[in-house]
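Participant: My structure is in data25.cif, and what it holds is mmCIF, C-alpha atoms:
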```cif
data_final
#
loop_
_atom_site.label_atom_id
_atom_site.label_comp_id
_atom_site.auth_asym_id
_atom_site.auth_seq_id
_atom_site.Cartn_x
_atom_site.Cartn_y
_atom_site.Cartn_z
CA MET A 1 -70.25 -30.34 56.81
CA LYS A 2 -73.06 -32.91 56.78
CA LYS A 3 -70.56 -35.69 56.09
CA ARG A 4 -68.42 -34.57 59.03
CA ASN A 5 -71.45 -34.58 61.34
CA LEU A 6 -72.42 -38.05 60.20
CA LYS A 7 -68.90 -39.32 60.81
CA LYS A 8 -68.92 -37.79 64.31
CA LYS A 9 -72.30 -39.38 65.11
CA LYS A 10 -70.97 -42.76 64.01
CA GLN A 11 -67.90 -42.34 66.20
CA ASP A 12 -70.07 -41.32 69.20
CA SER A 13 -72.32 -44.31 68.69
CA LYS A 14 -69.28 -46.62 68.58
CA LEU A 15 -67.95 -45.07 71.78
CA ASN A 16 -71.34 -45.45 73.51
CA LYS A 17 -71.52 -49.09 72.56
CA LYS A 18 -67.99 -49.62 73.84
CA SER A 19 -68.64 -47.89 77.16
CA LYS A 20 -71.92 -49.79 77.64
CA LYS A 21 -70.01 -53.01 77.00
CA ASN A 22 -67.47 -52.02 79.64
CA LEU A 23 -70.23 -51.28 82.14
CA ALA A 24 -71.89 -54.68 81.63
CA PHE A 25 -70.76 -57.37 84.02
CA LYS A 26 -69.01 -60.44 82.76
CA ARG A 27 -71.13 -63.45 83.73
CA ILE A 28 -70.07 -66.95 84.58
CA SER A 29 -72.34 -69.98 84.43
CA THR A 30 -73.66 -71.12 87.81
CA GLY A 31 -73.70 -74.78 86.78
CA ILE A 32 -77.25 -75.16 88.08
CA VAL A 33 -79.68 -76.35 85.40
CA GLY A 34 -82.29 -73.62 84.90
CA LEU A 35 -80.57 -70.88 86.94
CA ASP A 36 -78.44 -68.99 84.41
CA ASN A 37 -81.47 -67.83 82.43
CA LEU A 38 -82.99 -66.35 85.59
CA VAL A 39 -79.94 -64.22 86.39
CA GLN A 40 -78.86 -62.70 83.08
CA GLY A 41 -76.52 -65.54 82.26
CA GLY A 42 -74.88 -66.38 85.58
CA PHE A 43 -73.06 -64.99 88.59
CA VAL A 44 -71.10 -61.77 88.15
CA ASP A 45 -67.46 -62.69 87.57
CA GLY A 46 -65.48 -62.11 90.77
CA SER A 47 -68.59 -61.84 92.96
CA THR A 48 -69.21 -63.42 96.35
CA ASN A 49 -72.43 -65.40 96.50
CA LEU A 50 -74.32 -67.10 99.29
CA VAL A 51 -76.61 -70.11 99.18
CA SER A 52 -78.43 -70.81 102.41
CA GLY A 53 -80.72 -73.60 103.53
CA GLY A 54 -81.44 -76.25 106.13
CA PRO A 55 -79.91 -79.70 106.44
CA GLY A 56 -80.52 -81.85 103.36
CA SER A 57 -81.61 -78.88 101.28
CA GLY A 58 -78.87 -79.43 98.68
CA LYS A 59 -76.38 -76.64 99.51
CA THR A 60 -73.31 -78.83 99.13
CA ILE A 61 -74.52 -80.30 95.82
CA PHE A 62 -75.32 -76.77 94.59
CA ALA A 63 -71.84 -75.57 95.56
CA LEU A 64 -70.08 -78.49 93.93
CA GLN A 65 -72.08 -78.10 90.71
CA PHE A 66 -70.85 -74.51 90.61
CA LEU A 67 -67.23 -75.70 90.83
CA LEU A 68 -67.68 -78.52 88.35
CA LYS A 69 -69.21 -76.17 85.79
CA GLY A 70 -66.12 -74.03 86.17
CA ILE A 71 -63.84 -76.97 85.55
CA GLU A 72 -65.88 -77.84 82.45
CA VAL A 73 -65.13 -74.38 81.01
CA GLY A 74 -61.49 -74.30 82.10
CA GLU A 75 -61.89 -72.51 85.45
CA ASN A 76 -60.35 -74.65 88.16
CA GLY A 77 -61.89 -74.77 91.63
CA VAL A 78 -61.06 -75.09 95.32
CA TYR A 79 -63.57 -76.49 97.80
CA VAL A 80 -63.05 -75.55 101.46
CA SER A 81 -65.13 -77.63 103.85
CA PHE A 82 -65.51 -77.01 107.56
CA GLU A 83 -67.42 -80.21 108.15
CA GLU A 84 -66.94 -83.07 105.75
CA THR A 85 -63.89 -85.30 105.51
CA LYS A 86 -62.44 -85.61 102.04
CA GLU A 87 -63.09 -89.36 101.95
CA ASN A 88 -66.79 -89.00 102.79
CA PHE A 89 -67.23 -86.04 100.49
CA TYR A 90 -65.73 -87.84 97.48
CA LYS A 91 -67.79 -90.94 98.26
CA TYR A 92 -71.14 -89.09 98.56
CA MET A 93 -70.55 -87.04 95.47
CA SER A 94 -69.57 -90.07 93.38
CA LYS A 95 -73.28 -91.01 93.51
CA PHE A 96 -73.90 -88.17 91.07
CA GLY A 97 -71.22 -89.57 88.77
CA TRP A 98 -68.69 -86.93 89.84
CA ASN A 99 -65.20 -88.36 90.08
CA LEU A 100 -63.42 -85.78 92.21
CA MET A 101 -60.29 -87.85 92.65
CA ASP A 102 -59.69 -87.80 88.89
CA LEU A 103 -60.17 -84.02 88.82
CA GLU A 104 -57.78 -83.64 91.73
CA LYS A 105 -55.17 -85.76 89.96
CA ALA A 106 -55.61 -83.60 86.87
CA LYS A 107 -54.89 -80.54 89.08
CA LYS A 108 -58.27 -79.01 88.32
CA PHE A 109 -59.83 -79.41 91.75
CA ILE A 110 -58.63 -79.24 95.34
CA PHE A 111 -60.57 -80.20 98.44
CA LEU A 112 -59.43 -78.64 101.70
CA ARG A 113 -60.76 -79.55 105.10
CA TYR A 114 -60.38 -76.53 107.29
CA SER A 115 -61.30 -75.77 110.84
CA PRO A 116 -62.86 -72.35 111.44
CA GLU A 117 -59.91 -71.64 113.76
CA GLN A 118 -57.55 -72.19 110.85
CA VAL A 119 -59.43 -69.59 108.85
CA LYS A 120 -59.25 -67.22 111.79
CA ALA A 121 -55.50 -67.75 111.87
CA LEU A 122 -55.42 -67.26 108.13
CA LEU A 123 -56.94 -63.80 108.57
CA GLN A 124 -54.33 -62.88 111.12
CA GLU A 125 -51.37 -64.25 109.19
CA GLY A 126 -52.65 -63.95 105.59
CA GLY A 127 -52.06 -66.47 102.80
CA GLY A 128 -51.89 -70.00 104.10
CA GLU A 129 -53.14 -73.24 102.64
CA ILE A 130 -56.12 -71.74 100.78
CA GLU A 131 -53.90 -69.25 98.99
CA ARG A 132 -51.41 -71.97 98.08
CA ALA A 133 -54.25 -74.13 96.74
CA MET A 134 -55.79 -71.25 94.77
CA GLN A 135 -52.45 -70.28 93.24
CA GLY A 136 -51.32 -73.87 92.79
CA ILE A 137 -54.06 -74.72 90.30
CA LYS A 138 -54.79 -71.13 89.21
CA ALA A 139 -58.31 -71.50 90.57
CA LYS A 140 -61.04 -69.14 89.37
CA ARG A 141 -63.79 -70.52 91.59
CA LEU A 142 -63.88 -71.00 95.35
CA VAL A 143 -66.45 -72.63 97.65
CA ILE A 144 -66.55 -72.29 101.43
CA ASP A 145 -68.98 -74.80 102.94
CA SER A 146 -70.26 -73.64 105.38
CA ILE A 147 -69.64 -70.17 106.73
CA ASN A 148 -71.57 -70.80 109.98
CA GLY A 149 -68.64 -72.30 111.84
CA PHE A 150 -66.54 -69.30 110.96
CA THR A 151 -69.05 -66.67 112.07
CA LEU A 152 -69.58 -68.45 115.39
CA LEU A 153 -65.92 -67.97 116.30
CA PHE A 154 -66.46 -64.33 117.11
CA PRO A 155 -67.93 -62.99 120.35
CA ASN A 156 -70.52 -60.75 118.74
CA GLU A 157 -72.08 -59.83 115.44
CA LEU A 158 -69.87 -56.81 114.92
CA ALA A 159 -66.65 -58.80 115.37
CA GLY A 160 -68.02 -61.55 113.11
CA ARG A 161 -68.96 -59.03 110.48
CA GLU A 162 -65.53 -57.40 110.56
CA ALA A 163 -63.84 -60.78 110.25
CA LEU A 164 -66.09 -61.69 107.37
CA LEU A 165 -65.15 -58.49 105.56
CA GLU A 166 -61.50 -59.34 106.13
CA LEU A 167 -62.10 -62.79 104.71
CA PHE A 168 -63.83 -61.31 101.65
CA SER A 169 -61.00 -58.85 101.19
CA LEU A 170 -58.53 -61.75 101.30
CA ILE A 171 -60.62 -63.74 98.83
CA SER A 172 -60.88 -60.77 96.47
CA LYS A 173 -57.10 -60.87 96.08
CA TYR A 174 -57.45 -64.30 94.48
CA GLY A 175 -59.59 -62.76 91.71
CA CYS A 176 -62.04 -65.63 91.85
CA THR A 177 -65.82 -66.03 92.01
CA THR A 178 -66.86 -67.36 95.40
CA LEU A 179 -69.82 -69.33 96.66
CA LEU A 180 -70.45 -69.57 100.40
CA THR A 181 -73.00 -71.84 102.03
CA LEU A 182 -74.91 -70.97 105.17
CA GLU A 183 -77.01 -73.30 107.29
CA GLN A 184 -80.29 -71.64 107.99
CA GLU A 185 -83.65 -73.25 108.62
CA ALA A 186 -86.46 -70.91 107.69
CA GLU A 187 -89.47 -70.41 105.48
CA PRO A 188 -88.60 -67.74 102.87
CA ASP A 189 -91.11 -65.22 104.21
CA LYS A 190 -90.16 -65.77 107.85
CA ARG A 191 -86.43 -65.96 107.20
CA LYS A 192 -84.33 -63.76 109.44
CA ALA A 193 -81.52 -62.16 107.47
CA SER A 194 -78.07 -63.13 108.65
CA PHE A 195 -75.42 -60.43 108.75
CA VAL A 196 -73.63 -62.44 106.08
CA ASP A 197 -76.51 -61.52 103.74
CA PHE A 198 -75.52 -57.87 103.84
CA GLU A 199 -71.89 -58.47 102.93
CA VAL A 200 -72.30 -60.73 99.90
CA ASP A 201 -73.31 -59.90 96.34
CA SER A 202 -76.08 -62.43 96.11
CA VAL A 203 -78.27 -64.46 98.43
CA MET A 204 -80.15 -67.57 97.37
CA ILE A 205 -82.27 -69.94 99.45
CA LEU A 206 -82.82 -73.66 99.08
CA LEU A 207 -85.83 -74.70 101.08
CA ASN A 208 -86.66 -78.26 102.01
CA THR A 209 -89.98 -78.49 103.80
CA THR A 210 -93.24 -80.44 103.82
CA LYS A 211 -96.85 -79.68 103.01
CA GLY A 212 -99.12 -82.44 104.24
CA ASN A 213 -97.67 -85.67 102.85
CA VAL A 214 -95.49 -83.95 100.30
CA ARG A 215 -91.87 -82.87 100.49
CA ARG A 216 -91.37 -79.52 98.87
CA ARG A 217 -88.07 -78.31 97.54
CA VAL A 218 -88.09 -74.70 96.46
CA PHE A 219 -85.48 -72.15 95.44
CA GLU A 220 -85.60 -68.38 95.76
CA ILE A 221 -83.23 -65.54 94.94
CA ILE A 222 -83.32 -62.90 97.69
CA LYS A 223 -80.80 -60.52 96.17
CA MET A 224 -78.25 -60.35 93.38
CA ARG A 225 -76.38 -57.11 92.95
CA GLY A 226 -76.17 -55.74 89.43
CA THR A 227 -78.55 -58.38 88.17
CA LYS A 228 -82.17 -58.44 87.08
CA PHE A 229 -83.44 -61.69 88.50
CA GLU A 230 -86.63 -63.71 88.59
CA GLU A 231 -88.59 -62.88 91.75
CA LYS A 232 -90.40 -66.16 92.04
CA ILE A 233 -90.38 -69.22 94.27
CA ILE A 234 -89.17 -71.96 91.98
CA PRO A 235 -89.52 -75.70 92.53
CA PHE A 236 -86.32 -77.71 92.26
CA ARG A 237 -85.33 -81.35 92.46
CA ILE A 238 -82.15 -83.21 93.27
CA LYS A 239 -81.81 -85.53 90.30
CA ASP A 240 -79.22 -88.15 89.31
CA LYS A 241 -76.91 -85.44 87.96
CA GLY A 242 -77.49 -82.82 90.64
CA ILE A 243 -79.86 -79.92 91.23
CA VAL A 244 -82.36 -78.98 88.53
CA LEU A 245 -84.55 -75.85 88.79
CA TYR A 246 -87.95 -75.74 87.11
CA PRO A 247 -88.54 -72.01 86.49
CA GLU A 248 -91.55 -72.68 84.27
CA GLU A 249 -93.29 -74.59 87.02
CA ASN A 250 -95.22 -73.24 89.98
CA VAL A 251 -95.39 -74.53 93.51
CA ILE A 252 -98.90 -75.81 94.15
CA MET B 1 -106.86 -85.80 64.65
CA ASN B 2 -108.67 -89.10 64.68
CA LYS B 3 -112.31 -90.01 64.96
CA PHE B 4 -112.20 -90.35 68.69
CA ASN B 5 -111.06 -86.79 69.14
CA ASP B 6 -113.64 -85.60 66.62
CA ILE B 7 -116.34 -87.21 68.70
CA LEU B 8 -115.05 -85.54 71.82
CA LYS B 9 -114.86 -82.30 69.82
CA PHE B 10 -111.49 -81.09 70.96
CA LYS B 11 -108.23 -80.26 69.29
CA TYR B 12 -104.58 -80.03 70.28
CA GLY B 13 -104.13 -77.38 72.91
CA ASP B 14 -107.56 -78.11 74.38
CA ILE B 15 -108.30 -79.43 77.83
CA VAL B 16 -111.51 -81.36 78.32
CA ILE B 17 -113.29 -82.87 81.31
CA ALA B 18 -114.80 -86.23 80.33
CA ILE B 19 -117.45 -87.52 82.73
CA ILE B 20 -117.86 -91.29 82.59
CA ASN B 21 -119.59 -93.78 84.84
CA SER B 22 -117.64 -96.26 86.91
CA LYS B 23 -119.03 -99.20 84.94
CA ASN B 24 -117.51 -97.89 81.74
CA TYR B 25 -114.25 -96.69 83.27
CA VAL B 26 -112.11 -99.62 82.08
CA GLY B 27 -113.67 -99.63 78.61
CA PHE B 28 -113.09 -95.91 78.21
CA VAL B 29 -109.48 -96.02 79.34
CA LEU B 30 -108.81 -98.96 77.04
CA LYS B 31 -110.26 -96.99 74.14
CA LEU B 32 -107.98 -94.07 74.98
CA PHE B 33 -104.95 -96.35 74.99
CA LYS B 34 -105.96 -98.01 71.73
CA GLU B 35 -106.53 -94.72 69.96
CA HIS B 36 -103.48 -92.87 71.18
CA SER B 37 -100.65 -95.19 72.09
CA SER B 38 -99.31 -95.79 68.60
CA GLY B 39 -97.73 -93.64 65.90
CA SER B 40 -95.48 -90.67 66.41
CA ARG B 41 -97.59 -89.14 69.17
CA LYS B 42 -97.12 -89.93 72.79
CA LEU B 43 -99.77 -90.75 75.33
CA VAL B 44 -98.98 -89.31 78.74
CA PHE B 45 -101.07 -91.13 81.29
CA VAL B 46 -101.23 -89.87 84.88
CA SER B 47 -102.74 -92.51 87.09
CA ALA B 48 -104.13 -91.87 90.54
CA THR B 49 -106.94 -94.44 90.34
CA LYS B 50 -105.05 -97.62 89.42
CA SER B 51 -101.38 -98.60 89.50
CA HIS B 52 -99.08 -99.01 86.51
CA SER B 53 -98.96 -102.77 87.01
CA TYR B 54 -102.78 -102.93 86.79
CA PHE B 55 -102.71 -101.15 83.44
CA VAL B 56 -99.85 -103.24 82.09
CA ASP B 57 -101.85 -106.40 82.79
CA LEU B 58 -104.91 -104.85 81.16
CA LEU B 59 -103.03 -103.72 78.06
CA LYS B 60 -101.34 -107.09 77.68
CA LYS B 61 -104.71 -108.83 77.96
CA TYR B 62 -106.19 -106.67 75.20
CA LYS B 63 -102.97 -106.75 73.16
CA VAL B 64 -102.61 -102.98 73.15
CA ASP B 65 -99.17 -101.68 72.28
CA TYR B 66 -97.94 -99.38 75.03
CA ASN B 67 -94.46 -98.49 73.80
CA ASN B 68 -95.44 -94.89 73.15
CA LEU B 69 -96.81 -94.54 76.63
CA CYS B 70 -95.34 -92.19 79.18
CA PHE B 71 -96.78 -93.41 82.46
CA ILE B 72 -96.84 -91.29 85.61
CA ASP B 73 -97.95 -93.44 88.53
CA THR B 74 -98.98 -91.47 91.61
CA ILE B 75 -100.53 -94.33 93.54
CA SER B 76 -98.14 -97.32 93.68
CA LYS B 77 -95.72 -95.76 96.17
CA LEU B 78 -98.58 -94.67 98.39
CA GLY B 79 -100.08 -98.15 98.25
CA GLY B 80 -96.73 -99.74 99.12
CA ASP B 81 -96.58 -101.66 95.83
CA THR B 82 -93.29 -103.07 94.65
CA ILE B 83 -91.61 -100.49 92.47
CA ASN B 84 -89.96 -101.74 89.32
CA ALA B 85 -86.83 -99.62 89.20
CA LYS B 86 -85.99 -100.80 85.68
CA SER B 87 -89.33 -99.84 84.17
CA LYS B 88 -89.83 -96.56 82.32
CA VAL B 89 -92.59 -95.56 84.70
CA ILE B 90 -92.30 -92.29 86.60
CA TYR B 91 -93.36 -92.86 90.17
CA VAL B 92 -94.61 -89.87 92.14
CA ASN B 93 -94.57 -90.30 95.90
CA HIS B 94 -98.09 -89.12 96.58
CA PRO B 95 -101.14 -88.00 94.55
CA SER B 96 -101.11 -84.73 96.47
CA ASP B 97 -97.73 -83.80 94.98
CA LEU B 98 -99.27 -81.78 92.17
CA THR B 99 -96.04 -79.85 91.54
CA GLU B 100 -94.18 -83.11 90.90
CA ILE B 101 -96.97 -84.36 88.65
CA SER B 102 -96.82 -81.11 86.70
CA ILE B 103 -93.00 -81.26 86.37
CA ASN B 104 -93.22 -84.81 85.04
CA ILE B 105 -96.00 -84.05 82.55
CA ALA B 106 -93.87 -81.18 81.20
CA GLY B 107 -90.87 -83.55 80.99
CA CYS B 108 -92.89 -86.12 79.01
CA LEU B 109 -94.21 -83.46 76.62
CA LYS B 110 -90.80 -81.98 75.89
CA SER B 111 -89.51 -84.37 73.26
CA THR B 112 -92.52 -84.78 70.96
CA LYS B 113 -95.41 -82.70 69.69
CA ASN B 114 -99.13 -83.38 69.37
CA ASN B 115 -99.24 -85.42 72.52
CA PHE B 116 -102.24 -86.63 74.37
CA VAL B 117 -102.47 -86.31 78.15
CA VAL B 118 -104.90 -88.21 80.36
CA ILE B 119 -105.39 -87.45 84.04
CA ASP B 120 -107.04 -90.41 85.71
CA SER B 121 -108.87 -89.07 87.55
CA LEU B 122 -110.09 -85.79 89.00
CA SER B 123 -112.30 -87.82 91.31
CA THR B 124 -109.34 -89.67 92.86
CA LEU B 125 -107.09 -86.59 92.96
CA SER B 126 -109.83 -84.74 94.83
CA LEU B 127 -109.52 -87.29 97.66
CA TYR B 128 -105.95 -86.15 98.30
CA ASN B 129 -106.05 -82.48 97.33
CA SER B 130 -108.10 -79.46 98.25
CA THR B 131 -110.44 -78.03 95.63
CA ASN B 132 -108.35 -74.85 95.47
CA ASP B 133 -105.12 -76.77 94.84
CA LEU B 134 -106.76 -78.84 92.12
CA VAL B 135 -108.24 -75.78 90.45
CA LYS B 136 -104.77 -74.19 90.53
CA PHE B 137 -103.28 -77.36 89.04
CA VAL B 138 -105.84 -77.47 86.21
CA HIS B 139 -105.44 -73.75 85.55
CA LEU B 140 -101.66 -74.05 85.23
CA LEU B 141 -102.03 -77.23 83.18
CA SER B 142 -104.36 -75.46 80.76
CA GLN B 143 -101.80 -72.67 80.30
CA LYS B 144 -99.04 -75.14 79.54
CA ASN B 145 -101.36 -77.19 77.39
CA LYS B 146 -101.87 -74.28 75.00
CA LYS B 147 -98.11 -73.78 74.74
CA SER B 148 -97.21 -77.42 74.22
CA LYS B 149 -100.23 -78.03 71.96
CA ALA B 150 -101.12 -81.18 73.83
CA ALA B 151 -104.66 -82.46 74.07
CA THR B 152 -105.66 -83.22 77.62
CA ILE B 153 -108.54 -85.24 79.04
CA LEU B 154 -109.39 -84.95 82.71
CA LEU B 155 -111.40 -88.01 83.66
CA ALA B 156 -114.18 -87.64 86.21
CA ILE B 157 -116.26 -90.53 87.51
CA LYS B 158 -119.95 -89.68 87.58
CA GLU B 159 -120.71 -91.51 90.84
CA GLU B 160 -117.90 -89.73 92.68
CA LEU B 161 -118.63 -86.37 91.20
CA ASP B 162 -119.06 -83.14 93.09
CA GLU B 163 -120.91 -80.97 90.61
CA SER B 164 -119.82 -77.68 92.17
CA PHE B 165 -116.21 -78.82 91.82
CA ILE B 166 -116.64 -79.60 88.12
CA LYS B 167 -118.39 -76.26 87.67
CA LYS B 168 -115.43 -74.50 89.26
CA LEU B 169 -112.96 -76.36 87.05
CA SER B 170 -114.92 -75.95 83.86
CA GLY B 171 -113.97 -72.26 83.70
CA TYR B 172 -110.38 -73.32 83.02
CA CYS B 173 -111.26 -76.05 80.51
CA ASP B 174 -112.36 -75.87 76.90
CA SER B 175 -115.32 -78.19 77.37
CA VAL B 176 -117.04 -80.69 79.62
CA VAL B 177 -118.25 -83.84 77.86
CA ASP B 178 -120.73 -86.08 79.65
CA LEU B 179 -120.31 -89.66 78.45
CA SER B 180 -121.88 -91.20 81.51
CA ASP B 181 -124.84 -92.66 79.62
CA GLY B 182 -122.39 -95.18 78.20
CA LYS B 183 -123.63 -94.67 74.64
CA GLY B 184 -121.51 -93.98 71.61
CA ASN B 185 -118.24 -95.32 70.32
CA TYR B 186 -116.11 -94.27 73.30
CA PHE B 187 -115.63 -97.63 74.94
CA VAL B 188 -113.96 -100.97 74.42
CA GLU B 189 -116.09 -103.75 75.81
CA PRO B 190 -113.97 -105.38 78.49
#
```
Go ahead and render the structure in this file as structure tokens.
Facilitator:
Amino acid sequence: MKKRNLKKKKQDSKLNKKSKKNLAFKRISTGIVGLDNLVQGGFVDGSTNLVSGGPGSGKTIFALQFLLKGIEVGENGVYVSFEETKENFYKYMSKFGWNLMDLEKAKKFIFLRYSPEQVKALLQEGGGEIERAMQGIKAKRLVIDSINGFTLLFPNELAGREALLELFSLISKYGCTTLLTLEQEAEPDKRKASFVDFEVDSVMILLNTTKGNVRRRVFEIIKMRGTKFEEKIIPFRIKDKGIVLYPEENVI
Amino acid sequence: MNKFNDILKFKYGDIVIAIINSKNYVGFVLKLFKEHSSGSRKLVFVSATKSHSYFVDLLKKYKVDYNNLCFIDTISKLGGDTINAKSKVIYVNHPSDLTEISINIAGCLKSTKNNFVVIDSLSTLSLYNSTNDLVKFVHLLSQKNKKSKAATILLAIKEELDESFIKKLSGYCDSVVDLSDGKGNYFVEP
């Protein structure tokens, strides 16, 4: 009798472990030095994430690092830009030692320049160039830089919000992890939440401001669903190889 | 630990304010370089008073080896000096960028243990920073110092000293050593 009970307990314990494992989210590395440890190992696989900040705050570098990390671990990436031409983008990013042309030739990376109107059409018709690109290289990571142009296409917040949900629903079919960028100039404590904030799984801010004679670059996580994250304003720098967070440091 | 540290009565992990007079400043800094810039340890020198090029000339003149030196220069860019891009020096844009100074000290301390950090000087940094910011900086530095087991000296020049400021800082330091009488074996005669 005792033996049977013991066996049952063991089986229950195994089942508990298994179900806990199933409940835990699979994480993927963000590619940002110092960030993964702050967010339980990375973004939730298949999540939609937002990084917002003002001009020159490092959003584009952040987004590309996310894609390049994916490529490093065998997850190909598609970069959709509403602003930059491919030529300029490749040129600027080569300063960090990132050879995007080589990655493109190796069918690991695709850069798409899209007008917000094209995305609007994409929602109406479905599929399109993004879908072809995603399927073409079996991409697991997607960046849309930036989402502002898209949200401005709609007459009011409600219409914009609905369209955004449609876009997310479309993206979810690709089964990828997405990073959106949003241009927003604001101090973290005075920041007005955009409606995009409510629809995404995580919101992060890159702040580029000054205090007296000093330029301050700080990073903050506003929300990250299903994740215990560090609630701290963290200094960061744009170094030779991209963005580096310094979680052990404090902003003075 | 060497004799110099024994005299100053501090050990790795400690943070000490050393008060010196302006006349002995060069002799004291030279002594620090001589005592700590060789061997497996690293000397991390944060300069706000004089530029890196000033110290290089000084060290060459006194034939002091400075290969183990990690130099953080916070003044050359502000002064518009020519920056030597090829040198190993870390240039910080402004002495009021205490976060950047802190990041770079941590970076220098990462690779080796039992390091020696010199902040030159509290007097100069106080020209560019508020007392509260400097107290915060020293407080955070002392926390990190314990973790990294570095020994840190915060130089203060007697003639430029605000006693209430030192009193405020001393709560976050292990000791305050007054060497302003110029006596003892703390100086190299320039």
Participant: Which residues, named as in the file, does the PyMOL selection byres ((chain B and resi 52) around 12) pick out? Answer as a PDB file with C-alpha atoms, in the frame of the given file.
Facilitator:
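For reference, out22.pdb as written:
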```pdb
ATOM      1  CA  PHE B  45    -101.070 -91.130  81.290  1.00  0.00           C
ATOM      2  CA  VAL B  46    -101.230 -89.870  84.880  1.00  0.00           C
ATOM      3  CA  SER B  47    -102.740 -92.510  87.090  1.00  0.00           C
ATOM      4  CA  ALA B  48    -104.130 -91.870  90.540  1.00  0.00           C
ATOM      5  CA  THR B  49    -106.940 -94.440  90.340  1.00  0.00           C
ATOM      6  CA  LYS B  50    -105.050 -97.620  89.420  1.00  0.00           C
ATOM      7  CA  SER B  51    -101.380 -98.600  89.500  1.00  0.00           C
ATOM      8  CA  SER B  53     -98.960-102.770  87.010  1.00  0.00           C
ATOM      9  CA  TYR B  54    -102.780-102.930  86.790  1.00  0.00           C
ATOM     10  CA  PHE B  55    -102.710-101.150  83.440  1.00  0.00           C
ATOM     11  CA  VAL B  56     -99.850-103.240  82.090  1.00  0.00           C
ATOM     12  CA  ASP B  57    -101.850-106.400  82.790  1.00  0.00           C
ATOM     13  CA  LEU B  58    -104.910-104.850  81.160  1.00  0.00           C
ATOM     14  CA  LEU B  59    -103.030-103.720  78.060  1.00  0.00           C
ATOM     15  CA  TYR B  66     -97.940 -99.380  75.030  1.00  0.00           C
ATOM     16  CA  LEU B  69     -96.810 -94.540  76.630  1.00  0.00           C
ATOM     17  CA  CYS B  70     -95.340 -92.190  79.180  1.00  0.00           C
ATOM     18  CA  PHE B  71     -96.780 -93.410  82.460  1.00  0.00           C
ATOM     19  CA  ILE B  72     -96.840 -91.290  85.610  1.00  0.00           C
ATOM     20  CA  ASP B  73     -97.950 -93.440  88.530  1.00  0.00           C
ATOM     21  CA  THR B  74     -98.980 -91.470  91.610  1.00  0.00           C
ATOM     22  CA  ILE B  75    -100.530 -94.330  93.540  1.00  0.00           C
ATOM     23  CA  SER B  76     -98.140 -97.320  93.680  1.00  0.00           C
ATOM     24  CA  LYS B  77     -95.720 -95.760  96.170  1.00  0.00           C
ATOM     25  CA  GLY B  79    -100.080 -98.150  98.250  1.00  0.00           C
ATOM     26  CA  ASP B  81     -96.580-101.660  95.830  1.00  0.00           C
ATOM     27  CA  THR B  82     -93.290-103.070  94.650  1.00  0.00           C
ATOM     28  CA  ILE B  83     -91.610-100.490  92.470  1.00  0.00           C
ATOM     29  CA  ASN B  84     -89.960-101.740  89.320  1.00  0.00           C
ATOM     30  CA  SER B  87     -89.330 -99.840  84.170  1.00  0.00           C
ATOM     31  CA  LYS B  88     -89.830 -96.560  82.320  1.00  0.00           C
ATOM     32  CA  VAL B  89     -92.590 -95.560  84.700  1.00  0.00           C
ATOM     33  CA  ILE B  90     -92.300 -92.290  86.600  1.00  0.00           C
ATOM     34  CA  TYR B  91     -93.360 -92.860  90.170  1.00  0.00           C
ATOM     35  CA  VAL B  92     -94.610 -89.870  92.140  1.00  0.00           C
ATOM     36  CA  ASP B 120    -107.040 -90.410  85.710  1.00  0.00           C
TER      37      ASP B 120
END
```
Participant: Find the distance between CA of Leu43 in chain B and CA of His94 in chain B and write it in Å to one decimal.
Facilitator: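 Going from CA of Leu43 in chain B over to CA of His94 in chain B covers 21.4 Å.
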Participant: Once the PyMOL selection byres ((chain A) within 6 of (chain B)) has been evaluated on this model, what residues remain selected, and can you format them as a ChimeraX atom specification?
Facilitator: /A:214,251-252
Participant: Hey, which bits of range 58-138 of chain A sit within 10 Å of range 149-160 of chain A, and for each residue what's the closest pair of atoms and how far apart in Å (one decimal), counting all atoms listed in the file, rows by chain and increasing number, as CSV?
Facilitator:
```
residue,atom,partner,partner_atom,distance
A:Phe82,CA,A:Gly149,CA,7.1
A:Glu83,CA,A:Gly149,CA,8.8
A:Ser115,CA,A:Gly149,CA,8.2
A:Pro116,CA,A:Phe150,CA,4.8
A:Glu117,CA,A:Leu153,CA,7.5
A:Gln118,CA,A:Phe150,CA,9.4
A:Val119,CA,A:Phe150,CA,7.4
A:Lys120,CA,A:Phe150,CA,7.6
```
Participant: Choose the residue, out of B:Thr131, B:Ser180, B:Asn114, B:Ser126, that has the smallest atom-to-atom separation from Ala151 in chain B; count all atoms listed in the file.
Facilitator: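 Of B:Thr131, B:Ser180, B:Asn114, B:Ser126, the one nearest Ala151 in chain B is B:Asn114, counting all atoms listed in the file.
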Participant: Care to translate the PyMOL selection byres ((chain B and resi 116) around 8) into actual residues of this file, as a list in words?
Facilitator: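 Here the PyMOL selection byres ((chain B and resi 116) around 8) matches His36, Arg41, Lys42, Leu43, Val44, Asn114, Asn115, Val117, Val118, Ala150, Ala151, Thr152 and Ile153 of chain B.
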Participant: Just checking: using all atoms listed in the file, which residue out of A:Ile243, A:Met204, A:Ile110, A:Leu165 ends up closest to Glu231 in chain A?
Facilitator: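 Ranked by minimum distance to Glu231 in chain A, first place goes to A:Met204.
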Participant: Could you work out how far CA of Gly212 in chain A lies from CA of Gly54 in chain A, giving the answer in Å with one decimal?
Facilitator: 18.8 Å
